[in-house]
Amino acid sequence: MSVYKPKNSPYFQFDFVWKGRRFFGTTGCKSKRAALAHEEIERAKARNGGNLRPPITLDEACGLYQDKVEELPSWIDTERHMRMLMAGLGGAHLLSEITQRDLLALVAKRRATLANSSVNREIEDWRAIWRWADKARYDVGEMPNWGALFLKVAKTDPRELSANEEDKLFGEIRRDLFDFCSFALKTGWRLSEVIGLRWVDLDMANASAVTRIKGGDIVKRPLTQEMIIIIANQPRVGLIPNVFTYVAVRTKPGFTDALGRKQPVRIKGQRYPMTESVLRKPWVAAKEAAGIENFRFHDLRHTRGTRILRATGNLAVAKEALKHRSIKTTLRYAHATDDDVRQALDASESRTIPEAKPQHLRKA
């Protein structure tokens, strides 16, 4: 028996062997049932090196985090980051076995092909996976020093598209993607929000729509007349629930992509739901043709935010239009242009600086 009560003692003792090592001591329990429960705890400690928390692999931890965030608009990016993480470290490894050095090596590998800001977004998801497993009371070992992993990113003002650049860019955008891009600029919505807009989300009678924003909240958004016209011009395609679709430029067989996702057959000339990957190459081609540099699709949102703030001077309105959680985020759009600064310098010059006296009139 692994639990027993010695003579002259009211408490049961435990005594068992695990991997050649003997574990024994008092349970502090007077009933056998309670003693057996205590013994199970001691056995769990023995199996897990003295830690009551059960071990968890990286693959299992990613699955655990997936259950939490799969319904969020950011899931597409999160899933990609998870797969890259498992490919880099090995999904079968225990979180408790992954060291700071392992993570630093993966960061160095990722930054060889990505911008520092992109690597940092991946690290944010890695950190969330570890922290969620820790909250679920799994053994994650020593928590990595996440702050030491983040890379330096130079702070810059949000990039704004000028009126001239807008004309050039939209003159080069592929026709079946034009309305999608135009709607993104006019609304200031995030890319995932525009992609995810469905017909059932629209209330055309009240000129509004509901969208799922960053963080998972569902919010009501007003629509302007121009936005309504864009929506009205979109063809309804079979059972596709999405408002925005694209025309396949070539026929493609079904395949499994690099992230393990099954991609369906595509037939040239037919319409399919808009995706981020469909937009990627045409967007780059349009920018190159228009001669526009250092401008991301997300900067359409920055452009709208800056224009709202310039037109109204109202931070609260801009915050609500863009659905920012914090006014500090909206303040990023309050940056001044060179013309703004130049005009302010001119306006603040209240007097003329006196001319210097000739050399022979100056005091010795």
# chains A, B, ... in the order shown; residues from 1 in each chain; ligands from 1
>>> residues_around(residues="A:Ser118", least_positions_apart="5", cutoff="12 Å", atoms="only C-alpha atoms", output="ChimeraX atom specification")
/A:77,81,107,110-113,123-125,150-153
>>> closest_atom_pairs(of="stretch 71-128 of chain A", to="stretch 54-59 of chain A", cutoff="9 Å", atoms="only C-alpha atoms", output="JSON lines")
{"residue": "A:Met82", "atom": "CA", "partner": "A:Asp59", "partner_atom": "CA", "distance": 8.8}
{"residue": "A:Leu85", "atom": "CA", "partner": "A:Leu58", "partner_atom": "CA", "distance": 8.8}
{"residue": "A:Met86", "atom": "CA", "partner": "A:Asp59", "partner_atom": "CA", "distance": 6.9}
{"residue": "A:Leu89", "atom": "CA", "partner": "A:Leu58", "partner_atom": "CA", "distance": 8.4}
{"residue": "A:Gly90", "atom": "CA", "partner": "A:Leu58", "partner_atom": "CA", "distance": 7.5}
{"residue": "A:Gly91", "atom": "CA", "partner": "A:Asp59", "partner_atom": "CA", "distance": 4.4}
{"residue": "A:Ala92", "atom": "CA", "partner": "A:Thr57", "partner_atom": "CA", "distance": 5.6}
{"residue": "A:His93", "atom": "CA", "partner": "A:Thr57", "partner_atom": "CA", "distance": 5.4}
{"residue": "A:Leu94", "atom": "CA", "partner": "A:Thr57", "partner_atom": "CA", "distance": 4.0}
{"residue": "A:Leu95", "atom": "CA", "partner": "A:Leu58", "partner_atom": "CA", "distance": 5.6}
{"residue": "A:Ser96", "atom": "CA", "partner": "A:Pro55", "partner_atom": "CA", "distance": 7.4}
{"residue": "A:Ile98", "atom": "CA", "partner": "A:Leu58", "partner_atom": "CA", "distance": 8.9}
>>> closest_residue(among="A:Lys287, A:Arg332, A:Lys68, A:Arg198", to="A:Arg236", atoms="only C-alpha atoms")
A:Arg198
>>> closest_residue(among="A:Lys155, A:His324, A:Arg304, A:His38", to="A:Lys186", atoms="only C-alpha atoms")
A:Arg304
>>> residues_around(residues="stretch 13-30 of chain A", least_positions_apart="3", cutoff="12 Å", atoms="only C-alpha atoms", output="list in words")
Met1, Ser2, Val3, Tyr4, Lys5, Pro6, Lys7, Ser9, Pro10, Arg33, Ala34, Ala35, Leu36, Ala37, His38, Glu39, Glu40, Ile41, Glu42, Arg43, Ala44, Lys45, Ala46, Arg47, Asn48, Gly49 and Gly50 of chain A
>>> residues_around(residues="A:Gly188", least_positions_apart="3", cutoff="6 Å", atoms="only C-alpha atoms", output="PyMOL selection string")
chain A and resi 184-185+301+304
